[in-house]
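Content type compact mmCIF, C-alpha atoms, from the file data32.txt:
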# COMPACT_ATOMS: atom_id res chain seq x y z
CA MET A 29 95.99 112.67 71.00
CA THR A 30 97.95 109.61 70.14
CA LEU A 31 101.63 108.84 70.49
CA SER A 32 103.39 106.51 68.13
CA ALA A 33 105.14 103.75 70.04
CA ALA A 34 108.18 104.18 67.80
CA ASN A 35 110.86 106.86 68.28
CA GLY A 36 110.65 107.05 72.05
CA GLY A 37 106.87 107.39 72.18
CA VAL A 38 106.62 104.65 74.79
CA LEU A 39 109.22 106.36 76.97
CA LEU A 40 107.42 109.67 76.69
CA ALA A 41 104.10 108.02 77.62
CA ILE A 42 105.71 106.34 80.65
CA VAL A 43 107.17 109.64 81.80
CA ILE A 44 103.79 111.36 81.38
CA MET A 45 102.09 108.60 83.37
CA ALA A 46 104.73 108.93 86.11
CA LEU A 47 104.32 112.71 86.26
CA VAL A 48 100.52 112.46 86.48
CA THR A 49 100.87 109.91 89.28
CA TYR A 50 103.35 112.06 91.18
CA LEU A 51 101.05 115.06 90.84
CA THR A 52 98.34 113.05 92.61
CA ARG A 53 100.83 112.13 95.36
CA ALA A 54 101.96 115.71 95.90
CA GLY A 55 98.77 117.60 95.00
CA GLY A 56 96.83 117.01 98.20
CA VAL A 57 99.76 118.22 100.31
CA PHE A 58 100.29 121.20 98.01
CA VAL A 59 96.68 122.28 98.55
CA MET A 60 96.71 121.62 102.30
CA ALA A 61 99.81 123.77 102.69
CA ARG A 62 97.78 126.67 101.30
CA VAL A 63 94.44 126.39 103.07
CA PRO A 64 93.95 127.48 106.66
CA ILE A 65 93.22 124.37 108.70
CA GLY A 66 90.35 125.10 111.05
CA PRO A 67 88.33 122.58 113.06
CA ARG A 68 85.94 122.01 110.15
CA VAL A 69 88.72 121.14 107.71
CA GLU A 70 90.25 118.94 110.38
CA ARG A 71 86.97 117.06 110.91
CA PHE A 72 86.62 116.57 107.16
CA ILE A 73 90.19 115.32 106.77
CA ASN A 74 89.98 112.97 109.75
CA ALA A 75 86.73 111.39 108.57
CA MET A 76 87.98 111.24 104.99
CA ALA A 77 91.23 109.46 105.89
CA GLY A 78 89.54 106.29 107.09
CA SER A 79 86.87 106.62 104.42
CA VAL A 80 89.52 106.23 101.70
CA LEU A 81 90.28 102.77 103.01
CA VAL A 82 86.60 101.95 103.50
CA ALA A 83 85.95 102.90 99.88
CA VAL A 84 88.87 100.75 98.71
CA ILE A 85 87.87 97.72 100.78
CA THR A 86 84.07 97.74 100.37
CA PRO A 87 84.03 96.64 96.70
CA MET A 88 86.40 93.77 97.59
CA ALA A 89 83.90 92.61 100.21
CA VAL A 90 80.83 93.05 98.04
CA HIS A 91 82.18 91.77 94.73
CA GLY A 92 84.74 89.30 96.08
CA ASP A 93 84.13 85.58 96.49
CA GLY A 94 83.21 83.95 99.80
CA GLY A 95 86.87 83.47 100.64
CA ALA A 96 87.64 87.18 100.29
CA ARG A 97 84.62 88.11 102.39
CA MET A 98 85.42 85.67 105.17
CA ALA A 99 89.05 86.84 105.10
CA LEU A 100 87.92 90.41 105.78
CA VAL A 101 85.56 89.29 108.54
CA ALA A 102 88.34 87.28 110.20
CA THR A 103 90.80 90.18 109.92
CA ALA A 104 88.34 92.64 111.44
CA GLY A 105 87.44 90.22 114.25
CA VAL A 106 91.02 89.43 115.27
CA MET A 107 92.00 93.08 114.93
CA LEU A 108 89.17 94.18 117.22
CA VAL A 109 90.15 91.62 119.86
CA LEU A 110 93.96 91.63 119.73
CA ARG A 111 94.67 95.04 118.13
CA LYS A 112 97.72 93.50 116.44
CA PRO A 113 97.84 93.69 112.63
CA LEU A 114 100.04 90.69 111.87
CA PRO A 115 97.84 88.04 113.58
CA ALA A 116 94.78 89.74 112.09
CA ILE A 117 96.16 89.60 108.54
CA ALA A 118 97.40 86.05 109.05
CA ALA A 119 93.93 85.02 110.23
CA GLY A 120 92.43 86.64 107.14
CA ILE A 121 94.76 84.89 104.70
CA LEU A 122 94.34 81.57 106.47
CA THR A 123 90.56 81.91 106.43
CA ALA A 124 90.55 82.69 102.70
CA ALA A 125 92.80 79.73 101.95
CA LEU A 126 90.72 77.31 104.05
CA TRP A 127 87.46 78.63 102.61
CA ARG A 128 88.68 78.18 99.05
CA LEU A 129 90.00 74.73 99.88
CA VAL A 130 86.64 73.65 101.26
CA ALA A 131 84.42 75.52 98.82
CA SER A 132 86.14 74.35 95.62
CA MET B 19 122.28 113.81 125.20
CA THR B 20 120.08 116.32 123.39
CA ARG B 21 116.36 116.45 123.78
CA PRO B 22 114.83 113.91 121.37
CA ASP B 23 112.99 115.68 118.57
CA THR B 24 109.94 113.56 117.81
CA SER B 25 109.13 115.28 114.56
CA ARG B 26 112.39 114.76 112.73
CA PRO B 27 112.91 111.31 111.23
CA THR B 28 116.34 109.75 111.47
CA LEU B 29 117.86 106.91 109.50
CA GLY B 30 116.69 104.65 112.32
CA HIS B 31 113.09 105.62 111.68
CA LEU B 32 113.47 104.84 107.99
CA VAL B 33 115.02 101.43 108.71
CA ASP B 34 112.25 100.74 111.20
CA GLY B 35 109.61 101.70 108.64
CA PHE B 36 111.28 99.47 106.06
CA ARG B 37 111.26 96.57 108.52
CA ARG B 38 107.65 97.03 109.51
CA MET B 39 106.55 97.07 105.90
CA ALA B 40 108.76 94.15 104.89
CA PRO B 41 106.29 91.29 105.57
CA LEU B 42 103.58 92.76 103.35
CA SER B 43 106.18 93.84 100.80
CA LEU B 44 107.04 90.21 100.16
CA PHE B 45 103.55 89.71 98.74
CA VAL B 46 104.09 92.73 96.50
CA ILE B 47 106.75 90.65 94.70
CA VAL B 48 103.93 88.50 93.34
CA PHE B 49 101.95 91.60 92.27
CA GLY B 50 105.05 92.86 90.45
CA LEU B 51 105.60 89.47 88.86
CA ALA B 52 102.03 89.45 87.60
CA PHE B 53 102.54 92.90 86.14
CA GLY B 54 105.83 91.99 84.49
CA VAL B 55 104.29 88.96 82.82
CA ALA B 56 101.20 90.87 81.70
CA ALA B 57 103.24 93.82 80.35
CA LEU B 58 105.48 91.54 78.26
CA GLN B 59 102.41 89.82 76.84
CA GLN B 60 101.08 93.26 75.92
CA GLY B 61 104.21 93.86 73.84
CA LEU B 62 106.18 96.20 76.10
CA SER B 63 109.89 95.50 76.29
CA ALA B 64 111.54 94.38 79.52
CA ALA B 65 113.27 97.75 79.89
CA GLU B 66 110.04 99.68 79.32
CA THR B 67 108.19 97.52 81.84
CA LEU B 68 110.88 98.04 84.48
CA LEU B 69 110.99 101.76 83.78
CA MET B 70 107.24 102.02 84.17
CA SER B 71 107.20 100.11 87.46
CA GLY B 72 110.10 102.17 88.74
CA LEU B 73 108.81 105.61 87.80
CA VAL B 74 105.05 105.19 88.10
CA PHE B 75 104.94 102.75 91.07
CA ALA B 76 101.15 102.49 91.07
CA GLY B 77 100.07 98.91 90.48
CA ALA B 78 96.34 99.46 90.05
CA ALA B 79 96.83 102.18 87.43
CA GLN B 80 99.55 100.21 85.65
CA PHE B 81 97.30 97.16 85.34
CA ALA B 82 94.28 99.21 84.32
CA THR B 83 96.09 101.05 81.51
CA LEU B 84 97.94 97.98 80.25
CA GLU B 85 95.69 97.44 77.25
CA LEU B 86 96.44 100.95 75.96
CA TRP B 87 100.05 100.10 75.10
CA GLY B 88 100.21 99.14 71.45
CA ASP B 89 101.68 100.45 68.22
CA THR B 90 100.10 103.76 69.10
CA ILE B 91 99.36 105.01 72.61
CA PRO B 92 96.20 107.07 73.18
CA LEU B 93 97.39 109.77 75.58
CA LEU B 94 94.04 111.07 76.77
CA PRO B 95 92.71 107.71 78.05
CA LEU B 96 96.14 107.00 79.54
CA VAL B 97 96.13 110.24 81.53
CA ALA B 98 92.42 110.01 82.40
CA ILE B 99 92.57 106.45 83.77
CA THR B 100 95.81 107.16 85.63
CA LEU B 101 94.26 110.27 87.17
CA ALA B 102 91.00 108.53 88.08
CA ILE B 103 92.69 105.61 89.82
CA ASN B 104 95.38 107.67 91.53
CA ALA B 105 93.14 110.56 92.57
CA ARG B 106 92.83 108.86 95.96
CA HIS B 107 96.49 109.88 96.51
CA LEU B 108 95.32 113.51 96.62
CA LEU B 109 93.10 112.75 99.59
CA MET B 110 95.67 110.49 101.23
CA GLY B 111 98.35 113.15 100.97
CA ALA B 112 96.00 115.79 102.34
CA ALA B 113 95.17 113.58 105.33
CA PHE B 114 98.87 113.01 106.02
CA TYR B 115 99.76 116.69 105.68
CA PRO B 116 99.89 117.44 109.45
CA HIS B 117 102.94 115.16 109.69
CA LEU B 118 104.67 116.89 106.78
CA ARG B 119 103.95 120.43 107.90
CA ASP B 120 107.25 121.03 109.67
CA LEU B 121 109.47 119.67 106.89
CA SER B 122 111.17 121.89 104.35
CA SER B 123 109.30 121.82 101.08
CA GLY B 124 112.08 119.84 99.41
CA ARG B 125 111.88 117.07 102.00
CA ARG B 126 108.11 117.29 102.10
CA TYR B 127 107.64 116.62 98.40
CA ALA B 128 110.44 114.06 98.32
CA SER B 129 108.71 112.15 101.14
CA LEU B 130 105.66 111.78 98.92
CA LEU B 131 107.48 110.12 96.00
CA LEU B 132 106.62 106.61 97.18
CA LEU B 133 103.25 107.26 98.81
CA SER B 134 100.99 104.28 98.20
CA ASP B 135 98.04 102.59 99.90
CA ALA B 136 99.93 100.26 102.21
CA ASN B 137 102.63 102.55 103.62
CA TRP B 138 100.17 105.43 103.91
CA ALA B 139 97.64 103.26 105.77
CA MET B 140 100.32 102.06 108.19
CA ALA B 141 101.68 105.60 108.68
CA MET B 142 98.16 106.85 109.42
CA SER B 143 97.55 104.09 111.97
CA GLY B 144 99.64 105.74 114.67
CA GLY B 145 103.01 106.71 116.12
CA THR B 146 105.11 109.83 116.45
CA THR B 147 105.50 112.09 113.45
CA ALA B 148 109.06 110.82 112.95
CA ALA B 149 107.93 107.19 113.09
CA ARG B 150 105.11 107.91 110.64
CA LEU B 151 107.50 109.59 108.23
CA GLY B 152 109.83 106.62 108.62
CA ILE B 153 106.99 104.32 107.61
CA LEU B 154 105.94 106.52 104.68
CA VAL B 155 109.47 106.72 103.25
CA GLY B 156 111.14 103.56 104.58
CA GLY B 157 108.01 101.49 104.06
CA GLY B 158 107.63 103.04 100.62
CA LEU B 159 111.18 101.96 99.79
CA ALA B 160 110.36 98.41 100.93
CA LEU B 161 107.27 98.32 98.71
CA TRP B 162 109.08 99.91 95.77
CA SER B 163 112.00 97.46 96.06
CA THR B 164 109.81 94.38 96.08
CA TRP B 165 107.60 95.82 93.31
CA MET B 166 110.78 96.19 91.21
CA ILE B 167 112.08 92.74 92.17
CA GLY B 168 108.71 91.27 91.22
CA THR B 169 108.56 93.16 87.93
CA GLY B 170 112.11 92.01 87.21
CA LEU B 171 111.24 88.38 87.89
CA GLY B 172 108.15 88.75 85.72
CA VAL B 173 110.02 90.11 82.71
CA ALA B 174 112.91 87.68 83.20
CA PHE B 175 110.85 84.52 83.42
CA GLY B 176 107.60 85.84 82.00
CA SER B 177 107.51 83.65 78.93
CA GLY B 178 107.61 80.52 81.05
CA ILE B 179 104.84 81.26 83.51
CA SER B 180 101.19 82.07 83.12
CA GLU B 181 99.81 85.16 84.79
CA PRO B 182 99.45 84.43 88.50
CA ASP B 183 96.04 84.66 90.10
CA ARG B 184 95.69 88.17 91.45
CA PHE B 185 92.48 87.60 93.36
CA GLY B 186 94.16 85.85 96.25
CA LEU B 187 96.62 88.75 96.40
CA ASP B 188 93.87 91.35 96.36
CA ALA B 189 92.44 89.63 99.43
CA ILE B 190 95.81 89.93 101.21
CA MET B 191 96.00 93.64 100.43
CA GLY B 192 92.37 94.02 101.54
CA CYS B 193 93.10 92.32 104.87
CA PHE B 194 96.15 94.52 105.42
CA LEU B 195 94.29 97.76 104.71
CA LEU B 196 91.38 96.65 106.88
CA ALA B 197 93.74 95.83 109.76
CA MET B 198 95.25 99.33 109.45
CA LEU B 199 91.77 100.86 109.33
CA VAL B 200 90.45 99.03 112.40
CA GLY B 201 93.62 99.76 114.36
CA ASP B 202 93.25 103.43 113.59
CA LYS B 203 90.14 104.37 115.57
CA ARG B 204 88.47 103.11 118.69
CA ASP B 205 85.44 105.32 119.09
CA LEU B 206 82.15 104.55 117.39
CA GLY B 207 81.85 108.08 115.99
CA VAL B 208 83.63 106.90 112.85
CA LEU B 209 80.91 104.41 111.96
CA LEU B 210 78.62 106.99 110.36
CA PRO B 211 81.24 108.49 108.01
CA TRP B 212 82.57 105.03 107.20
CA GLY B 213 79.09 103.73 106.49
CA ALA B 214 78.46 106.68 104.21
CA ALA B 215 81.80 106.03 102.48
CA ALA B 216 80.89 102.38 101.88
CA LEU B 217 77.44 103.20 100.50
CA ALA B 218 78.74 106.02 98.31
CA ALA B 219 81.50 103.80 96.94
CA LEU B 220 79.01 101.08 96.05
CA ALA B 221 76.64 103.60 94.47
CA ALA B 222 79.54 105.06 92.46
CA MET B 223 80.51 101.58 91.27
CA ALA B 224 76.99 101.01 90.06
CA TRP B 225 76.24 104.36 88.44
CA LEU B 226 79.41 106.38 87.87
CA PRO B 227 82.27 105.79 85.42
CA PRO B 228 84.81 103.14 86.43
CA HIS B 229 87.44 103.99 89.07
CA ALA B 230 85.41 106.86 90.55
CA HIS B 231 84.27 104.89 93.58
CA VAL B 232 87.27 105.44 95.88
CA ILE B 233 87.29 109.19 95.63
CA VAL B 234 83.48 109.44 95.78
CA GLY B 235 83.34 107.21 98.86
CA ALA B 236 86.18 109.06 100.59
CA LEU B 237 84.64 112.48 99.95
CA ALA B 238 81.22 111.28 101.13
CA GLY B 239 82.77 109.99 104.36
CA GLY B 240 84.60 113.27 104.83
CA VAL B 241 81.45 115.34 104.34
CA VAL B 242 79.49 113.21 106.83
CA GLY B 243 82.34 113.60 109.32
CA LEU B 244 82.26 117.35 108.77
CA LEU B 245 78.50 117.57 109.34
CA LEU B 246 78.42 115.37 112.43
CA PRO B 247 78.15 117.27 115.68
CA THR B 248 81.30 116.72 117.72
CA ALA B 249 79.34 116.94 120.96
CA ARG B 250 81.73 114.89 123.06
CA LYS B 251 84.82 116.84 122.15
CA GLU B 252 83.21 120.24 122.48
CA ALA B 253 81.60 119.34 125.81
CA SER B 254 84.94 118.49 127.39
CA PRO B 255 87.52 120.87 126.05

Structure translated into C-alpha cells:
Amino acid sequence: MTLSAANGGVLLAIVIMALVTYLTRAGGVFVMARVPIGPRVERFINAMAGSVLVAVITPMAVHGDGGARMALVATAGVMLVLRKPLPAIAAGILTAALWRLVAS
Amino acid sequence: MTRPDTSRPTLGHLVDGFRRMAPLSLFVIVFGLAFGVAALQQGLSAAETLLMSGLVFAGAAQFATLELWGDTIPLLPLVAITLAINARHLLMGAAFYPHLRDLSSGRRYASLLLLSDANWAMAMSGGTTAARLGILVGGGLALWSTWMIGTGLGVAFGSGISEPDRFGLDAIMGCFLLAMLVGDKRDLGVLLPWGAAALAALAAMAWLPPHAHVIVGALAGGVVGLLLPTARKEASP
C-alpha cells in the first residue's frame, strides 16, 4: 500500500503514524486494565520495567564509542554512591566530553 | 484542611513534574533541531514536519522512518517500523498501570498521550502516585514543548546548518535513563532479570530484524523475574 504525497497524502500518513504511536502508548494500559493482576503478573511487570531501560541502554554501551561507554560507567558509579540523578548525569556528560577531547 | 489525597495529581504536581524534567528537556531541543533539519532535507515541508513532531512525538521512530517520505509513501513499512520502535511503549504503559488504576478512563488515556522514555523512566523511579502522574504528564509537556521548539528551530534555520551530531546526544539520553534505572532499585535481585534483558537485547540486535531488541530484552527480563523464586519476600510476609 502506497500513498501519494500529493492531495493530503502526507497529512494522512502523519495522522496514521500518530495513531499507531498512540496505540502503543495506550495499549499496555488497556490490556492491564483487563487482566487480573496476581503476584506472578506483578513479578513479571516489575522485572520487565527495569529491563526496558536495560534493553535500551545496552546497545549504546556495546556499540557506542569509548566516550559513550565511559559516560555510562561514570553515571552508574556516581548514581550508586550519591543516589542523585543530576550529579550522575553531569558526571557522565563530562566524562564523555573529556574522553572525546583526549581520544581525538 | 482536608486529608491530602496522595493519588490525585494537582496542578502543583504537574508544575513540579515539568520542572523536574526541564533540565533534560533542554537537550531535547537539539534532538528536535536535528529532526527538523533532517526532515526538511528529506523534502517535507515545515508545516508537515511540525505537525509530525507535534502529533507523533516519538523521536526514534520519526528519525527511523524519515527516508520513507518521498513522492509516494509506503504505508506498510511506515506502520511496521513505527510499531516496532514504539512497541516498548506497550510494556512501559503496562508497568505504569498501577498508578493509573484509580483514574477515570478519560484521564487515564489522556495521561498517556505524552508517554516517552524519559518522563516514564523518571515517573517509575519513585514518589507518590500523584507525583508520578505529575512527572508523566508535566514532564511529558516539558519534553513535548522542547521537542517542538527544537523542531521549529530546525525548520526555521535548517537550510543554514548541517545536521548536528546526534551521538553526543544519545549519550546524554543514555546517562539519564541509566541514572533513573539505578535509582529505581537497591536490591541485587534485579541483576538476574537485567542481565537476561541485556543479553537478549544484544542477541536480538545480532539475529532478529532491526528495532526488535528493546521489546525482546524487556520481555526476557520480565520472564526471568517471573521465574525467580521470591524467597525473601515470601519468607517474611

Chain A near chain B within 6 Å: what's each residue's closest atom pair and its distance in Å to one decimal, counting only C-alpha atoms, ordered by chain then ascending residue number, as a tab-separated table?
residue	atom	partner	partner_atom	distance
A:Met29	CA	B:Leu93	CA	5.6
A:Thr30	CA	B:Pro92	CA	4.3
A:Leu31	CA	B:Ile91	CA	4.9
A:Ser32	CA	B:Thr90	CA	4.4
A:Ala33	CA	B:Asp89	CA	5.1
A:Ile42	CA	B:Met70	CA	5.8
A:Ala46	CA	B:Val74	CA	4.2
A:Thr52	CA	B:Leu108	CA	5.0
A:Arg53	CA	B:His107	CA	5.0
A:Gly55	CA	B:Leu108	CA	5.6
A:Gly56	CA	B:Leu108	CA	4.1
A:Val57	CA	B:Ala112	CA	4.9
A:Met60	CA	B:Ala112	CA	5.9
A:Arg71	CA	B:Leu244	CA	5.2
A:Phe72	CA	B:Gly240	CA	4.5
A:Ile73	CA	B:Ala113	CA	5.5
A:Ala75	CA	B:Gly240	CA	4.7
A:Met76	CA	B:Gly240	CA	3.9
A:Ala77	CA	B:Ala113	CA	5.7
A:Ser79	CA	B:Ala236	CA	4.6
A:Val80	CA	B:Ala236	CA	4.5
A:Val82	CA	B:Ala216	CA	6.0
A:Ala83	CA	B:Val232	CA	4.9
A:Val84	CA	B:Val232	CA	5.7
A:Ile85	CA	B:Gly192	CA	5.9
A:Thr86	CA	B:Ala216	CA	5.8
A:Ala96	CA	B:Ala189	CA	5.5
A:Leu100	CA	B:Cys193	CA	5.6
A:Thr103	CA	B:Cys193	CA	5.9
A:Pro113	CA	B:Ala197	CA	5.4
A:Ile117	CA	B:Cys193	CA	5.5

Exercise. So how far away is atom CA of B:Ala40 from atom CA of B:Ala148, in Å?
Worked result: 18.5 Å

For this session: Between atom CA of B:Asn137 and atom CA of B:Phe45, measure the distance and give it in Å to one decimal.
Result: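 That distance, rounded to one decimal, is 13.8 Å.
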
Exercise. So how many Å separate atom CA of A:Ile65 and atom CA of B:His117, to one decimal?
Worked result: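 Distance between the two atoms: 13.4 Å.
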
Exercise. Which one is closest to B:Ala160: B:Ala136, B:Ala141, B:Leu86, B:Val55? Count only C-alpha atoms.
Worked result: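 That would be B:Ala136, the residue with the smallest distance to B:Ala160.
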
For this session: Please provide as a ChimeraX atom specification all residues within 7 Å of B:Leu32, with the sequence filter that same-chain residues fewer than 4 positions apart are discarded (counting all atoms listed in the file).
Result: /B:28,36,152-153,155-156

Missing atoms in stretch 153-176 of chain B: fill them in up to N, CA and C atoms and send the result as an mmCIF file, in the frame of the given file.
data_model
loop_
_atom_site.group_PDB
_atom_site.id
_atom_site.type_symbol
_atom_site.label_atom_id
_atom_site.label_comp_id
_atom_site.auth_asym_id
_atom_site.auth_seq_id
_atom_site.Cartn_x
_atom_site.Cartn_y
_atom_site.Cartn_z
ATOM 1 N N ILE B 153 107.806 105.341 108.274
ATOM 2 C CA ILE B 153 106.990 104.320 107.610
ATOM 3 C C ILE B 153 106.659 104.759 106.186
ATOM 4 N N LEU B 154 106.290 106.038 106.023
ATOM 5 C CA LEU B 154 105.940 106.520 104.680
ATOM 6 C C LEU B 154 107.117 106.333 103.719
ATOM 7 N N VAL B 155 108.309 106.761 104.148
ATOM 8 C CA VAL B 155 109.470 106.720 103.250
ATOM 9 C C VAL B 155 110.147 105.354 103.270
ATOM 10 N N GLY B 156 110.478 104.860 104.475
ATOM 11 C CA GLY B 156 111.140 103.560 104.580
ATOM 12 C C GLY B 156 110.234 102.443 104.091
ATOM 13 N N GLY B 157 108.972 102.490 104.517
ATOM 14 C CA GLY B 157 108.010 101.490 104.060
ATOM 15 C C GLY B 157 107.781 101.604 102.557
ATOM 16 N N GLY B 158 107.773 102.833 102.064
ATOM 17 C CA GLY B 158 107.630 103.040 100.620
ATOM 18 C C GLY B 158 108.794 102.417 99.861
ATOM 19 N N LEU B 159 110.002 102.569 100.428
ATOM 20 C CA LEU B 159 111.180 101.960 99.790
ATOM 21 C C LEU B 159 111.061 100.436 99.776
ATOM 22 N N ALA B 160 110.537 99.868 100.878
ATOM 23 C CA ALA B 160 110.360 98.410 100.930
ATOM 24 C C ALA B 160 109.389 97.969 99.837
ATOM 25 N N LEU B 161 108.280 98.685 99.715
ATOM 26 C CA LEU B 161 107.270 98.320 98.710
ATOM 27 C C LEU B 161 107.803 98.514 97.294
ATOM 28 N N TRP B 162 108.534 99.631 97.102
ATOM 29 C CA TRP B 162 109.080 99.910 95.770
ATOM 30 C C TRP B 162 110.106 98.840 95.388
ATOM 31 N N SER B 163 110.970 98.465 96.354
ATOM 32 C CA SER B 163 112.000 97.460 96.060
ATOM 33 C C SER B 163 111.376 96.142 95.637
ATOM 34 N N THR B 164 110.382 95.680 96.408
ATOM 35 C CA THR B 164 109.810 94.380 96.080
ATOM 36 C C THR B 164 108.966 94.460 94.803
ATOM 37 N N TRP B 165 108.343 95.609 94.568
ATOM 38 C CA TRP B 165 107.600 95.820 93.310
ATOM 39 C C TRP B 165 108.557 95.694 92.133
ATOM 40 N N MET B 166 109.773 96.274 92.283
ATOM 41 C CA MET B 166 110.780 96.190 91.210
ATOM 42 C C MET B 166 111.320 94.771 91.075
ATOM 43 N N ILE B 167 111.590 94.117 92.219
ATOM 44 C CA ILE B 167 112.080 92.740 92.170
ATOM 45 C C ILE B 167 111.042 91.856 91.456
ATOM 46 N N GLY B 168 109.771 92.050 91.837
ATOM 47 C CA GLY B 168 108.710 91.270 91.220
ATOM 48 C C GLY B 168 108.604 91.528 89.727
ATOM 49 N N THR B 169 108.622 92.822 89.352
ATOM 50 C CA THR B 169 108.560 93.160 87.930
ATOM 51 C C THR B 169 109.733 92.534 87.191
ATOM 52 N N GLY B 170 110.909 92.603 87.821
ATOM 53 C CA GLY B 170 112.110 92.010 87.210
ATOM 54 C C GLY B 170 111.952 90.518 87.000
ATOM 55 N N LEU B 171 111.457 89.835 88.024
ATOM 56 C CA LEU B 171 111.240 88.380 87.890
ATOM 57 C C LEU B 171 110.222 88.107 86.786
ATOM 58 N N GLY B 172 109.186 88.946 86.729
ATOM 59 C CA GLY B 172 108.150 88.750 85.720
ATOM 60 C C GLY B 172 108.678 88.888 84.306
ATOM 61 N N VAL B 173 109.517 89.930 84.075
ATOM 62 C CA VAL B 173 110.020 90.110 82.710
ATOM 63 C C VAL B 173 111.149 89.131 82.404
ATOM 64 N N ALA B 174 111.826 88.628 83.443
ATOM 65 C CA ALA B 174 112.910 87.680 83.200
ATOM 66 C C ALA B 174 112.375 86.293 82.858
ATOM 67 N N PHE B 175 111.353 85.881 83.618
ATOM 68 C CA PHE B 175 110.850 84.520 83.420
ATOM 69 C C PHE B 175 109.444 84.502 82.855
ATOM 70 N N GLY B 176 109.000 85.678 82.384
ATOM 71 C CA GLY B 176 107.600 85.840 82.000
ATOM 72 C C GLY B 176 107.115 84.854 80.959
#
